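Before any comments, here is the structure.
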Amino acid sequence: ISNRYLVLYVKKNGKNLSRLGISVSKKVGKAVTRNKVKRRIRESYKLYSSEVSKGYDVIFIARVSSNNEDFKVINDSVVSLLKKAGIMK
């Protein structure tokens, strides 16, 4: 499942917890930019983690277009992808 800024992969993990994975390639930018994108994705997920169904591995892959976006845009992208995937309550 994807949108303009992120790609989302979801798989059941058979456990009673959900795990988060984030991948940001060097195409997105230098280390500072990649870390900024990762922090924004991680914080967005953390804000809504209580609403995400348990038992899933959630992997976000950042697209190049995410490198100049602010937190609100990344947050909206994370929420919309989680809802599309059907794992957000």
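As shown in the structure tokens, the chain order sets the letters A, B, ...; within each chain, residues go from 1, and ligands are also counted from 1 in the order they appear.
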
Exercise. Using only C-alpha atoms, which residues sit within 12 Å of Lys46 (chain A) once same-chain residues fewer than 2 positions away are excluded, as a VMD selection string?
Worked result: chain A and resid 18 to 20 39 to 44 48 to 52 75 78 to 79

Only C-alpha atoms, please: the residues just picked out, written as a PDB file, in the first residue's frame.
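That gives us out-v2.pdb:
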ATOM      1  CA  SER A  18       3.146  -4.933  16.717  1.00  0.00           C
ATOM      2  CA  ARG A  19       6.631  -4.112  15.496  1.00  0.00           C
ATOM      3  CA  LEU A  20       7.744  -1.126  13.433  1.00  0.00           C
ATOM      4  CA  ARG A  39      12.210  10.458  13.325  1.00  0.00           C
ATOM      5  CA  ARG A  40       9.043  11.918  11.815  1.00  0.00           C
ATOM      6  CA  ILE A  41       7.720   8.509  10.760  1.00  0.00           C
ATOM      7  CA  ARG A  42       8.575   7.003  14.163  1.00  0.00           C
ATOM      8  CA  GLU A  43       6.862   9.832  16.065  1.00  0.00           C
ATOM      9  CA  SER A  44       3.770   9.654  13.842  1.00  0.00           C
ATOM     10  CA  TYR A  48      -1.272   6.373  16.985  1.00  0.00           C
ATOM     11  CA  SER A  49       0.285   3.092  18.148  1.00  0.00           C
ATOM     12  CA  SER A  50      -2.486   2.552  20.692  1.00  0.00           C
ATOM     13  CA  GLU A  51      -5.016   2.568  17.837  1.00  0.00           C
ATOM     14  CA  VAL A  52      -3.081   0.056  15.699  1.00  0.00           C
ATOM     15  CA  ASN A  75       1.822  12.247   9.909  1.00  0.00           C
ATOM     16  CA  VAL A  78       1.202   7.473   8.035  1.00  0.00           C
ATOM     17  CA  VAL A  79      -2.387   7.670   9.301  1.00  0.00           C
TER      18      VAL A  79
END

For this session: With a distance cut-off of 6 Å and only C-alpha atoms, select the neighbouring residues of Gly55 (chain A), excluding the residue or stretch itself and same-chain residues fewer than 4 positions from it, and output the selection as a PyMOL selection string.
Result: chain A and resi 12-18

Problem set entry | region 1-81 of chain A: residues DSSP assigns to helix (DSSP H, G or I), reported as number ranges by chain | A: 26-28, 31-51, 64-68, 71-81

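With only C-alpha atoms as the atoms that count, the minimum distance from Arg34 (chain A) to the choices A:Leu8, A:Val64, A:Leu47, A:Ile87 is reached by A:Val64.
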
Seminar exercise, completed: Across A:Asn3, A:Tyr45, A:Lys54, A:Phe60, the smallest distance to Ser25 (chain A), with only C-alpha atoms counted, is shown by A:Phe60

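For the residues A:Val58, A:Leu6, A:Ile22, A:Val32, ranking by smallest atom-to-atom distance to Asp76 (chain A) using only C-alpha atoms places A:Leu6 first.
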
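Across the structure, CA of Ala85 (chain A) and CA of Asn67 (chain A) are spaced 23.4 Å apart.
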
For this session: Name the closest residue to Lys36 (chain A) among the candidates A:Ala62, A:Lys11, A:Gly21, A:Gly86; distances are taken between atoms, counting only C-alpha atoms.
Result: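 So, comparing all the options, the nearest one is A:Ala62.
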
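Considering only C-alpha atoms, the residue among A:Ser65, A:Met88, A:Leu81, A:Val73 positioned nearest to Arg4 (chain A) is A:Ser65.
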
For this session: From a DSSP calculation on the backbone, collect every residue of region 37-87 of chain A in strand (DSSP E) and output the set as a list in words.
Result: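 Residues meeting the strand (DSSP E) criterion: Tyr56, Asp57, Val58, Ile59, Phe60, Ile61 and Ala62 of chain A.
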
For this session: Provide the CA of Ser80 (chain A) to CA of Asn35 (chain A) distance in Å, to one decimal place.
Result: 21.9 Å

Exercise. To one decimal place, how far is CA of Ser77 (chain A) from CA of Lys38 (chain A) in Å?
Worked result: 13.4 Å
